[in-house]
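Novice: Sharing a structure below in structure tokens format, with a few things to ask.
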Amino acid sequence: MTAITDFTVKSADGSAASLEPYRGKVLLIVNTASKCGFTPQYDGLEALHRDYAERGFEVLAFPCNQFGGQEPGDAAEIANFCTLTYDVTFPVFAKIDVNGAGADPLFERLKSEAPGVLGSKAIKWNFTKFLIGRDGTVLDRYAPTTKPEDIRKDIEKLL
């Protein structure tokens with residue numbers, strides 16, 4: 001089975017972006033939105049990124065508009081919001097679908113390797129988080145209600 005870092009996704013500008021540069025790092029992959037009740041979690045995600053980036057940790061954000069239309073902006077608006085409102089320095093990729101026929105292959109893989117409650121594969125809302133080990137395997141899935149700081153101990157174990 002291929003590692004998560006073997007996937008290619010779209011960068012915010014729409015160009016192909018290999019996840020290969022993240023090989024050997026601990027990753028937290030999150031579907032995000034700018035107008036969600038969980039949007040303040042960007043602060044916590046940025047804190048994790050700043051605290052652990054030098055130790056081989058990265059947050060990768062994938063905006064999604066599938067839940068209540070809470071990510072209506074284009075790539076430039078999303079990037080501007082993330083930078084100006086939350087001083088985000090981790091990568092924010094192109095807006096994607098995480099469920100349904102048009103779901104991004106990366107998220108199909110994440111969902112199959114780390115199902116949700118009662119084995120559900122569908123992502124229920126924005127800010128669902130997936131923890132990836134240094135070897136590129138999916139280790140855990142966290143609900144939108146799980147605050148980034150509550151994942152800190154799991155990240156530290158992997159670093």
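Chain labels follow the order of the structure tokens: the first chain is A, the next B, and so on; residue numbering restarts at 1 in every chain, and ligands are counted from 1 in their shown order.
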Could you pull out the helix (DSSP H, G or I) residues of segment 78-154 of chain A from DSSP and send them as a ChimeraX atom specification?

Specialist: /A:78-86,105-113,117-119,148-154

Novice: Please list as a ChimeraX atom specification every residue within 7 Å of Ile29 of chain A, counting only C-alpha atoms and excluding residues in the same chain fewer than 6 positions away.

Specialist: /A:59-61,129-131

Novice: Which neighbours of Ile123 of chain A fall inside 8 Å, counting only C-alpha atoms, when residues of the same chain fewer than 4 positions from it are skipped, and could you give them as an NGL selection string?

Specialist: :A and (98-99 or 111 or 116 or 128)

Novice: Could you write those residues out with N, CA, C and O atoms, as a PDB file, in the first residue's frame?

Specialist:
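Below is the file that was written, result14.pdb:
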```pdb
ATOM      1  N   VAL A  98     -14.545  16.302   0.347  1.00  0.00           N
ATOM      2  CA  VAL A  98     -14.049  15.196   1.165  1.00  0.00           C
ATOM      3  C   VAL A  98     -15.009  14.014   1.188  1.00  0.00           C
ATOM      4  O   VAL A  98     -14.634  12.928   1.620  1.00  0.00           O
ATOM      5  N   ASN A  99     -16.235  14.225   0.720  1.00  0.00           N
ATOM      6  CA  ASN A  99     -17.253  13.180   0.656  1.00  0.00           C
ATOM      7  C   ASN A  99     -17.857  13.152  -0.745  1.00  0.00           C
ATOM      8  O   ASN A  99     -17.744  14.127  -1.491  1.00  0.00           O
ATOM      9  N   LYS A 111     -10.122   8.366   5.066  1.00  0.00           N
ATOM     10  CA  LYS A 111     -11.385   7.855   5.626  1.00  0.00           C
ATOM     11  C   LYS A 111     -11.401   6.336   5.696  1.00  0.00           C
ATOM     12  O   LYS A 111     -11.934   5.769   6.646  1.00  0.00           O
ATOM     13  N   GLY A 116     -14.663   6.783  11.174  1.00  0.00           N
ATOM     14  CA  GLY A 116     -15.196   7.520  12.313  1.00  0.00           C
ATOM     15  C   GLY A 116     -15.989   6.625  13.246  1.00  0.00           C
ATOM     16  O   GLY A 116     -15.854   5.389  13.243  1.00  0.00           O
ATOM     17  N   THR A 128     -12.348  17.938  10.803  1.00  0.00           N
ATOM     18  CA  THR A 128     -12.002  16.554  11.099  1.00  0.00           C
ATOM     19  C   THR A 128     -10.497  16.451  10.857  1.00  0.00           C
ATOM     20  O   THR A 128      -9.983  17.002   9.885  1.00  0.00           O
TER      21      THR A 128
END
```

Novice: To one decimal place, how far is atom CA of Gln66 of chain A from atom CA of Thr8 of chain A in Å?

Specialist: 21.2 Å

Novice: Go through A:Leu45, A:Asn65, A:Leu84, A:Lys95 one by one, measure the shortest atom-to-atom distance of each to Val9 of chain A using only C-alpha atoms, and give the residue with the smallest value.

Specialist: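 Looking at the shortest contact to Val9 of chain A, the residue is A:Lys95.
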
Novice: Considering only C-alpha atoms, return as a ChimeraX atom specification whatever protein or nucleic-acid residues lie within 12 Å of Phe81 of chain A, sequence-local ones (same chain, fewer than 5 positions apart) excluded.

Specialist: /A:33-35,39-40,42,63,71-76,86-88,92

Novice: Could you tell me which of A:Gly136, A:Gly69, A:Pro21, A:Gly100 comes closest to Ala122 of chain A if we count only C-alpha atoms?

Specialist: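 Comparing A:Gly136, A:Gly69, A:Pro21, A:Gly100 against Ala122 of chain A, the winner is A:Gly100.
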
Novice: Within 12 Å of Gly24 of chain A, counting only C-alpha atoms, which residues show up once you throw out same-chain ones fewer than 2 positions away? Write them as a ChimeraX atom specification, please.

Specialist: /A:3-6,19-22,26-27,55-58,132-137,158-159

Novice: Find the spatial neighbours of Ala16 of chain A, counting only C-alpha atoms, within a cut-off of 12 Å - ignore same-chain residues fewer than 5 positions away - and output them as a PyMOL selection string.

Specialist: chain A and resi 7-11+93-94

Novice: Keeping N, CA and C atoms for every residue in the selection just given, could you write it to a file as an mmCIF file, in the first residue's frame?

Specialist:
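Here's the written file part-v6.cif:
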```cif
data_model
loop_
_atom_site.group_PDB
_atom_site.id
_atom_site.type_symbol
_atom_site.label_atom_id
_atom_site.label_comp_id
_atom_site.auth_asym_id
_atom_site.auth_seq_id
_atom_site.Cartn_x
_atom_site.Cartn_y
_atom_site.Cartn_z
ATOM 1 N N PHE A 7 0.816 10.662 -2.466
ATOM 2 C CA PHE A 7 -0.295 11.343 -3.136
ATOM 3 C C PHE A 7 0.144 12.678 -3.718
ATOM 4 N N THR A 8 -0.561 13.077 -4.756
ATOM 5 C CA THR A 8 -0.422 14.413 -5.325
ATOM 6 C C THR A 8 -1.767 15.102 -5.149
ATOM 7 N N VAL A 9 -1.732 16.325 -4.653
ATOM 8 C CA VAL A 9 -2.941 17.119 -4.414
ATOM 9 C C VAL A 9 -2.814 18.419 -5.204
ATOM 10 N N LYS A 10 -3.781 19.296 -5.062
ATOM 11 C CA LYS A 10 -3.693 20.598 -5.720
ATOM 12 C C LYS A 10 -3.311 21.664 -4.705
ATOM 13 N N SER A 11 -2.332 22.458 -5.079
ATOM 14 C CA SER A 11 -1.950 23.588 -4.222
ATOM 15 C C SER A 11 -3.020 24.673 -4.361
ATOM 16 N N PHE A 93 -4.027 24.102 1.115
ATOM 17 C CA PHE A 93 -4.116 23.632 -0.263
ATOM 18 C C PHE A 93 -5.415 24.103 -0.919
ATOM 19 N N ALA A 94 -5.669 23.629 -2.135
ATOM 20 C CA ALA A 94 -6.875 23.998 -2.880
ATOM 21 C C ALA A 94 -8.115 23.446 -2.188
#
```

Novice: Once DSSP has gone over the backbone, tell me which residues of segment 1-154 of chain A are in strand (DSSP E), as a list in words.

Specialist: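 The strand (DSSP E) subset of segment 1-154 of chain A is Thr8, Val9, Lys10, Ala16, Ala17, Ser18, Val26, Leu27, Leu28, Ile29, Val30, Asn31, Thr32, Phe57, Glu58, Val59, Leu60, Ala61, Phe62, Pro63, Lys129, Phe130, Leu131, Ile132, Val138, Leu139, Asp140, Arg141 and Tyr142 of chain A.
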
Novice: Could the residues in this selection be written to a file with N, CA and C atoms, as a short mmCIF file (atom, residue, chain, number, x, y, z; two decimals), in the first residue's frame?

Specialist:
```
data_model
loop_
_atom_site.label_atom_id
_atom_site.label_comp_id
_atom_site.auth_asym_id
_atom_site.auth_seq_id
_atom_site.Cartn_x
_atom_site.Cartn_y
_atom_site.Cartn_z
N THR A 8 -0.56 13.08 -4.76
CA THR A 8 -0.42 14.41 -5.33
C THR A 8 -1.77 15.10 -5.15
N VAL A 9 -1.73 16.33 -4.65
CA VAL A 9 -2.94 17.12 -4.41
C VAL A 9 -2.81 18.42 -5.20
N LYS A 10 -3.78 19.30 -5.06
CA LYS A 10 -3.69 20.60 -5.72
C LYS A 10 -3.31 21.66 -4.71
N ALA A 16 -0.35 21.10 -9.44
CA ALA A 16 -0.14 19.82 -8.76
C ALA A 16 0.92 19.99 -7.67
N ALA A 17 0.65 19.39 -6.52
CA ALA A 17 1.58 19.46 -5.39
C ALA A 17 1.76 18.06 -4.82
N SER A 18 2.96 17.54 -4.94
CA SER A 18 3.27 16.24 -4.38
C SER A 18 3.39 16.37 -2.86
N VAL A 26 5.70 13.79 10.76
CA VAL A 26 4.41 13.54 11.38
C VAL A 26 3.47 14.61 10.83
N LEU A 27 2.31 14.19 10.34
CA LEU A 27 1.37 15.14 9.72
C LEU A 27 0.04 15.14 10.45
N LEU A 28 -0.59 16.31 10.45
CA LEU A 28 -1.98 16.43 10.88
C LEU A 28 -2.71 17.04 9.68
N ILE A 29 -3.55 16.23 9.04
CA ILE A 29 -4.29 16.66 7.86
C ILE A 29 -5.71 17.00 8.29
N VAL A 30 -6.16 18.21 7.91
CA VAL A 30 -7.43 18.75 8.41
C VAL A 30 -8.24 19.33 7.26
N ASN A 31 -9.55 19.02 7.23
CA ASN A 31 -10.43 19.74 6.30
C ASN A 31 -10.95 20.97 7.05
N THR A 32 -10.79 22.13 6.45
CA THR A 32 -11.04 23.40 7.14
C THR A 32 -12.13 24.22 6.46
N PHE A 57 7.19 18.05 12.21
CA PHE A 57 5.72 18.00 12.22
C PHE A 57 5.17 19.06 11.27
N GLU A 58 4.10 18.71 10.58
CA GLU A 58 3.44 19.65 9.67
C GLU A 58 1.92 19.52 9.80
N VAL A 59 1.24 20.65 9.73
CA VAL A 59 -0.22 20.69 9.57
C VAL A 59 -0.46 20.95 8.09
N LEU A 60 -1.37 20.18 7.49
CA LEU A 60 -1.77 20.38 6.10
C LEU A 60 -3.27 20.63 6.08
N ALA A 61 -3.68 21.80 5.61
CA ALA A 61 -5.10 22.18 5.62
C ALA A 61 -5.69 22.08 4.22
N PHE A 62 -6.90 21.54 4.16
CA PHE A 62 -7.63 21.39 2.91
C PHE A 62 -9.02 22.00 3.08
N PRO A 63 -9.21 23.24 2.60
CA PRO A 63 -10.53 23.87 2.71
C PRO A 63 -11.60 23.04 2.00
N LYS A 129 -9.80 15.78 11.76
CA LYS A 129 -8.34 15.76 11.73
C LYS A 129 -7.83 14.32 11.64
N PHE A 130 -6.77 14.14 10.83
CA PHE A 130 -6.14 12.82 10.68
C PHE A 130 -4.67 12.94 11.04
N LEU A 131 -4.21 12.07 11.93
CA LEU A 131 -2.81 12.05 12.35
C LEU A 131 -2.08 10.97 11.56
N ILE A 132 -0.98 11.39 10.92
CA ILE A 132 -0.20 10.51 10.05
C ILE A 132 1.19 10.32 10.66
N VAL A 138 -1.81 6.22 8.30
CA VAL A 138 -2.84 6.94 9.05
C VAL A 138 -2.97 6.28 10.41
N LEU A 139 -2.75 7.06 11.46
CA LEU A 139 -2.76 6.50 12.81
C LEU A 139 -4.05 6.77 13.57
N ASP A 140 -4.67 7.93 13.34
CA ASP A 140 -5.85 8.27 14.13
C ASP A 140 -6.69 9.31 13.41
N ARG A 141 -7.95 9.37 13.80
CA ARG A 141 -8.91 10.35 13.29
C ARG A 141 -9.53 11.04 14.49
N TYR A 142 -9.65 12.35 14.41
CA TYR A 142 -10.21 13.14 15.50
C TYR A 142 -11.43 13.91 15.01
#
```

Novice: With only C-alpha atoms as the basis for distance, which of A:Phe38, A:Leu106, A:Ala53, A:Glu46 is at the shortest distance from Ala143 of chain A?

Specialist: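 Answer, going by the shortest atom-to-atom distance: A:Phe38.
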
Novice: Work out how far apart atom CA of Gln41 of chain A and atom CA of Ala114 of chain A are and give it in Å to one decimal.

Specialist: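 We find that atom CA of Gln41 of chain A and atom CA of Ala114 of chain A lie 21.1 Å from each other.
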
Novice: Just checking: using only C-alpha atoms, which residue out of A:Phe90, A:Ser120, A:Ser112, A:Trp125 ends up closest to Asp51 of chain A?

Specialist: A:Phe90
